[in-house]
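> Dumping the structure here so I can ask a few things about it.
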Amino acid sequence: MRNLFTSGNIRNFIILLVVAGILLMAVSGYLTPLFSLTFSPLISTQSWLSQRYLAIRDFFTSPRDMASLRERNAQLENEVSQLQSQIVELQENLSQAQILYTLLDFARTNPQHEYTAATVIGREISPYYQYIIIDKGSNQGIMHGMPVVTQQGLVGRIDAVIANASRVQLISDAESVVNVHLQNAKVEGQIVGSITGEITLEMIPQDAEVQIGDVLLTSGLGGNYPPNIFVGQVLSMQSQQNRLFLSGSVQSIVDFSSLSAVLIITNFEAVDITPLVP
Amino acid sequence: MFFYISSSIGFLIAIMLQMGVISRAALLSGTADVVLLFLAAWSLHQRQKYSWMLVVIFGLVLGAISASPTLLFLIVYLSVFLAATRLQMSFWHSPLLSMFLLVFFGTFLEHGVLILGLFVQGVSINLIEIFTQVLLPSVLLNMLLTIPIHALVQEAFRNAAPAGTEI
């Protein structure tokens, strides 16, 4: 029988045992620090090599990509500018629609009148006159003297008409006089405009109890405006002993400097009482 | 003929700018008058015999558009045109200085005539308020716009005139 414990067999057994031990240690994770220490320089080298390769490849292929990217960029920029112009156009339409919806609301809440909507296309040339130009004229049934309002209240009245445009005298004009009544005090008075566009309340009896913030509505006297249209609020009152009437300043809620759309009351015909004035 | 057509277009653009843009951009209660500025610059550069007719036509157009008495703008613009013609013929050849002079006194004249018109119409006038709230801001705005309008009109004349013509 051959001897199993020869020196060659013992060596092979030891080698087998060592290899098995190393494998067991590797599987169980005891050799990970050793592996990382060993493979780290290799990975770094591999990474460096890969990056250099990619850089060299990009260097040779980039001209073609740059040209296509530039073309794509120009195309996208063009699309962006088109979309931006569309956004601006839509925003303008939206603001116009919002104004028209508000005017429509006003028309619905005041169904006793018939309205024609108009866009403000200009203002008076001279700074001494408070007038606006609108884009509706006699072709749309607009006539001299028709009252003009917004959802916020009275604006003025039609002063001159041509085929497709009209001139509107604002209530803040120096020559404008509107008969009003104070809603709370049950007192009649007049509002008068001025060269600088400020509105004053006049012809209020001395014994009238007018409070700041009182609401002013058109009275309908004189036949120039329909009654009960909102005009503004009393801002302050002044009393002078040697005068027959009180006067005060009025805050209109309508911002005359930024009017963009208005409503014309088309079923109201102003009465010309000039022949009756002595 | 080209001169009259292009000048008419210039006047129309100035009127539309005035009504649509400049009149909305007020300083206190004063506004610039682009039509007056254009007229002053144009009058200083034009050399045509019948150009006064354009002034009459557009003075009447403005009188019809405006709520002010019809002839007021015609009087103001004809006066500015005549003053510009005098300055043009004089030995003092400095268009920009002449323009400043015309705009300054033209604005005062325009406002004076308009105030007179208001007075005749029976509007109560507070002169101090008018001076501080309307006249001075308007003069300031007109003076600020003098150089750009003058440069624009001068450039337009330079481009329209045949080569070698003295502007």
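FYI, nothing fancy with the structure tokens labels: chains A, B, ... in order, residues from 1 per chain, ligands from 1 as they appear.
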I need the contact residues of chain A against chain B, so if you could list those with any atom within 7 Å, counting only C-alpha atoms, and return them as number ranges by chain, that would help.

A: 121-125, 127, 129, 174-175, 196, 257

> Output C-alpha atoms for every residue in the selection just made, as a PDB file, in the first residue's frame.


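Contents of again18.pdb, as written:
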ATOM      1  CA  ILE A 121     -58.310 104.778 -28.478  1.00  0.00           C
ATOM      2  CA  GLY A 122     -56.954 108.166 -27.475  1.00  0.00           C
ATOM      3  CA  ARG A 123     -57.026 111.182 -25.232  1.00  0.00           C
ATOM      4  CA  GLU A 124     -57.490 114.881 -25.829  1.00  0.00           C
ATOM      5  CA  ILE A 125     -54.420 116.613 -27.267  1.00  0.00           C
ATOM      6  CA  PRO A 127     -53.874 119.067 -21.252  1.00  0.00           C
ATOM      7  CA  TYR A 129     -59.441 119.491 -21.527  1.00  0.00           C
ATOM      8  CA  ALA A 174     -63.619 121.929 -16.457  1.00  0.00           C
ATOM      9  CA  GLU A 175     -66.809 122.505 -18.450  1.00  0.00           C
ATOM     10  CA  THR A 196     -56.387 119.668 -13.514  1.00  0.00           C
ATOM     11  CA  SER A 257     -56.034 108.204 -16.626  1.00  0.00           C
TER      12      SER A 257
END

> Give me every alpha helix (DSSP H) residue in chain B, going by DSSP on the backbone, as a ChimeraX atom specification.

/B:2-20,34-45,51-65,70-89,95-121,127-130,136-160

> Next, dump the selected residues to file, keeping only C-alpha atoms, as a compact mmCIF listing (two decimals), in the first residue's frame.


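Contents of the output file part11.txt:
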# COMPACT_ATOMS: atom_id res chain seq x y z
CA PHE B 2 -42.66 113.47 -52.27
CA PHE B 3 -41.89 116.16 -49.69
CA TYR B 4 -45.57 116.96 -49.13
CA ILE B 5 -46.62 113.30 -48.91
CA SER B 6 -43.82 112.33 -46.52
CA SER B 7 -44.42 115.47 -44.41
CA SER B 8 -48.14 114.66 -44.21
CA ILE B 9 -47.31 111.13 -43.04
CA GLY B 10 -44.98 112.65 -40.44
CA PHE B 11 -47.72 114.97 -39.17
CA LEU B 12 -50.23 112.09 -39.03
CA ILE B 13 -47.81 109.91 -37.05
CA ALA B 14 -47.16 112.81 -34.66
CA ILE B 15 -50.91 113.35 -34.12
CA MET B 16 -51.55 109.64 -33.52
CA LEU B 17 -48.60 109.43 -31.12
CA GLN B 18 -49.88 112.49 -29.29
CA MET B 19 -53.43 111.13 -28.89
CA GLY B 20 -52.54 107.51 -28.23
CA VAL B 34 -45.22 116.02 -30.03
CA VAL B 35 -47.08 117.75 -32.87
CA LEU B 36 -45.62 121.11 -31.83
CA LEU B 37 -42.16 119.57 -31.55
CA PHE B 38 -42.44 117.91 -34.94
CA LEU B 39 -43.75 121.14 -36.46
CA ALA B 40 -40.85 123.16 -35.01
CA ALA B 41 -38.21 120.69 -36.24
CA TRP B 42 -39.88 120.30 -39.63
CA SER B 43 -40.28 124.08 -40.10
CA LEU B 44 -36.60 124.63 -39.37
CA HIS B 45 -35.52 122.14 -42.04
CA SER B 51 -45.27 124.14 -46.90
CA TRP B 52 -47.40 126.63 -44.96
CA MET B 53 -50.43 124.94 -46.53
CA LEU B 54 -49.61 121.74 -44.65
CA VAL B 55 -49.49 123.73 -41.42
CA VAL B 56 -52.93 125.18 -42.16
CA ILE B 57 -54.38 121.76 -43.04
CA PHE B 58 -53.01 119.99 -39.96
CA GLY B 59 -53.82 122.97 -37.71
CA LEU B 60 -57.44 122.65 -38.82
CA VAL B 61 -57.37 118.85 -38.42
CA LEU B 62 -56.13 119.22 -34.84
CA GLY B 63 -58.73 121.90 -34.19
CA ALA B 64 -61.43 119.48 -35.34
CA ILE B 65 -60.11 116.60 -33.22
CA THR B 70 -61.18 125.10 -33.73
CA LEU B 71 -58.87 127.94 -34.71
CA LEU B 72 -56.61 127.97 -31.64
CA PHE B 73 -54.23 125.26 -32.79
CA LEU B 74 -54.12 126.81 -36.26
CA ILE B 75 -53.08 130.18 -34.78
CA VAL B 76 -50.40 128.58 -32.58
CA TYR B 77 -48.93 126.36 -35.26
CA LEU B 78 -48.90 129.08 -37.92
CA SER B 79 -47.12 131.38 -35.46
CA VAL B 80 -44.51 128.72 -34.70
CA PHE B 81 -44.07 128.06 -38.42
CA LEU B 82 -43.58 131.75 -39.19
CA ALA B 83 -41.11 132.13 -36.31
CA ALA B 84 -39.20 129.10 -37.59
CA THR B 85 -39.06 130.59 -41.09
CA ARG B 86 -37.65 133.83 -39.65
CA LEU B 87 -35.05 131.90 -37.65
CA GLN B 88 -34.19 129.84 -40.72
CA MET B 89 -33.60 132.96 -42.82
CA PRO B 95 -30.83 124.47 -35.81
CA LEU B 96 -30.79 122.86 -32.37
CA LEU B 97 -30.62 126.18 -30.52
CA SER B 98 -33.35 127.55 -32.79
CA MET B 99 -35.39 124.46 -32.02
CA PHE B 100 -35.00 124.96 -28.26
CA LEU B 101 -35.98 128.60 -28.64
CA LEU B 102 -39.01 127.73 -30.77
CA VAL B 103 -40.20 124.95 -28.45
CA PHE B 104 -39.80 127.06 -25.32
CA PHE B 105 -41.68 130.09 -26.59
CA GLY B 106 -44.05 127.95 -28.71
CA THR B 107 -45.18 126.05 -25.60
CA PHE B 108 -45.80 129.29 -23.72
CA LEU B 109 -47.72 130.67 -26.70
CA GLU B 110 -49.78 127.48 -27.08
CA HIS B 111 -50.73 127.40 -23.41
CA GLY B 112 -51.43 131.14 -23.38
CA VAL B 113 -53.81 130.80 -26.32
CA LEU B 114 -55.52 127.73 -24.82
CA ILE B 115 -55.98 129.50 -21.47
CA LEU B 116 -57.42 132.47 -23.32
CA GLY B 117 -59.82 130.09 -25.07
CA LEU B 118 -60.89 128.63 -21.71
CA PHE B 119 -61.37 132.14 -20.34
CA VAL B 120 -63.62 133.03 -23.28
CA GLN B 121 -65.60 129.82 -22.71
CA LEU B 127 -53.49 130.91 -12.90
CA ILE B 128 -51.10 129.76 -10.17
CA GLU B 129 -52.49 126.23 -10.34
CA ILE B 130 -52.27 126.25 -14.14
CA LEU B 136 -44.27 124.16 -16.21
CA PRO B 137 -44.50 120.34 -16.48
CA SER B 138 -45.49 120.69 -20.15
CA VAL B 139 -42.53 122.99 -20.86
CA LEU B 140 -40.19 120.56 -19.11
CA LEU B 141 -41.51 117.55 -21.06
CA ASN B 142 -41.31 119.45 -24.35
CA MET B 143 -37.72 120.52 -23.65
CA LEU B 144 -36.81 116.93 -22.80
CA LEU B 145 -38.23 115.67 -26.08
CA THR B 146 -36.69 118.44 -28.19
CA ILE B 147 -33.37 116.73 -28.93
CA PRO B 148 -34.78 113.31 -29.92
CA ILE B 149 -37.49 114.79 -32.14
CA HIS B 150 -35.03 117.20 -33.75
CA ALA B 151 -32.58 114.35 -34.41
CA LEU B 152 -35.34 112.19 -35.91
CA VAL B 153 -36.62 114.91 -38.23
CA GLN B 154 -33.10 115.95 -39.25
CA GLU B 155 -32.24 112.34 -40.06
CA ALA B 156 -35.47 111.97 -42.07
CA PHE B 157 -34.64 115.09 -44.10
CA ARG B 158 -31.08 113.89 -44.62
CA ASN B 159 -32.26 110.54 -45.95
CA ALA B 160 -34.98 112.07 -48.12

> Leaving out Ile142 in chain A and any residue of its chain fewer than 4 positions from it, which residues lie within 12 Å of it when counting only C-alpha atoms, given as a PDB file with C-alpha atoms, in the first residue's frame?


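The resulting result-v1.pdb:
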ATOM      1  CA  GLU A 114     -79.019  99.234 -23.252  1.00  0.00           C
ATOM      2  CA  TYR A 115     -75.279  99.354 -23.659  1.00  0.00           C
ATOM      3  CA  THR A 116     -72.671  99.450 -26.382  1.00  0.00           C
ATOM      4  CA  ALA A 117     -69.115  98.611 -25.378  1.00  0.00           C
ATOM      5  CA  ALA A 118     -66.289 100.747 -26.794  1.00  0.00           C
ATOM      6  CA  ILE A 134     -63.554 105.932 -28.328  1.00  0.00           C
ATOM      7  CA  ASP A 135     -63.834 103.599 -31.302  1.00  0.00           C
ATOM      8  CA  LYS A 136     -67.630 103.683 -31.735  1.00  0.00           C
ATOM      9  CA  GLY A 137     -69.467 106.347 -33.716  1.00  0.00           C
ATOM     10  CA  SER A 138     -72.663 107.094 -35.579  1.00  0.00           C
ATOM     11  CA  MET A 146     -75.365 109.666 -24.593  1.00  0.00           C
ATOM     12  CA  PRO A 147     -74.009 108.874 -21.110  1.00  0.00           C
ATOM     13  CA  VAL A 148     -70.805 106.859 -20.812  1.00  0.00           C
ATOM     14  CA  ARG A 157     -71.100 111.894 -22.012  1.00  0.00           C
ATOM     15  CA  ILE A 158     -70.681 111.831 -25.775  1.00  0.00           C
ATOM     16  CA  ASP A 159     -69.592 115.267 -26.955  1.00  0.00           C
ATOM     17  CA  ALA A 160     -68.893 114.784 -30.670  1.00  0.00           C
ATOM     18  CA  VAL A 161     -69.519 111.918 -33.079  1.00  0.00           C
ATOM     19  CA  ILE A 162     -68.102 110.892 -36.447  1.00  0.00           C
ATOM     20  CA  ALA A 163     -68.748 107.700 -38.410  1.00  0.00           C
ATOM     21  CA  ASN A 164     -66.564 105.303 -36.444  1.00  0.00           C
ATOM     22  CA  ALA A 165     -65.328 107.294 -33.431  1.00  0.00           C
ATOM     23  CA  SER A 166     -66.625 109.626 -30.767  1.00  0.00           C
ATOM     24  CA  ARG A 167     -65.257 112.166 -28.321  1.00  0.00           C
ATOM     25  CA  VAL A 168     -66.348 111.769 -24.693  1.00  0.00           C
ATOM     26  CA  LEU A 263     -70.046 101.327 -21.946  1.00  0.00           C
ATOM     27  CA  ILE A 264     -72.302 103.799 -23.734  1.00  0.00           C
ATOM     28  CA  ILE A 265     -75.933 103.894 -22.598  1.00  0.00           C
ATOM     29  CA  THR A 266     -77.685 103.907 -25.956  1.00  0.00           C
ATOM     30  CA  ASN A 267     -81.337 104.006 -24.858  1.00  0.00           C
ATOM     31  CA  PHE A 268     -81.024 107.321 -23.060  1.00  0.00           C
ATOM     32  CA  GLU A 269     -81.671 110.506 -24.954  1.00  0.00           C
TER      33      GLU A 269
END

> If you run DSSP on the backbone here, which positions in range 44-276 of chain A get strand (DSSP E or B)? Please write them as a ChimeraX atom specification.

/A:115-123,131-134,147-150,153-161,166-170,177-182,187-192,199-205,215-218,230-238,245-251,261-265

> Mind pulling up the distance from CA of Thr200 in chain A to CA of Ser249 in chain A?

4.3 Å

> Can you tell me how far CA of Ile22 in chain A sits from CA of Asn9 in chain A, in Å to one decimal?

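Pair CA of Ile22 in chain A / CA of Asn9 in chain A returns 19.9 Å.
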
> Within 10 Å of range 236-242 of chain A, counting only C-alpha atoms, which residues show up once you throw out same-chain ones fewer than 6 positions away? Write them as a ChimeraX atom specification, please.

/A:200-202,204,206,210-214,248-251
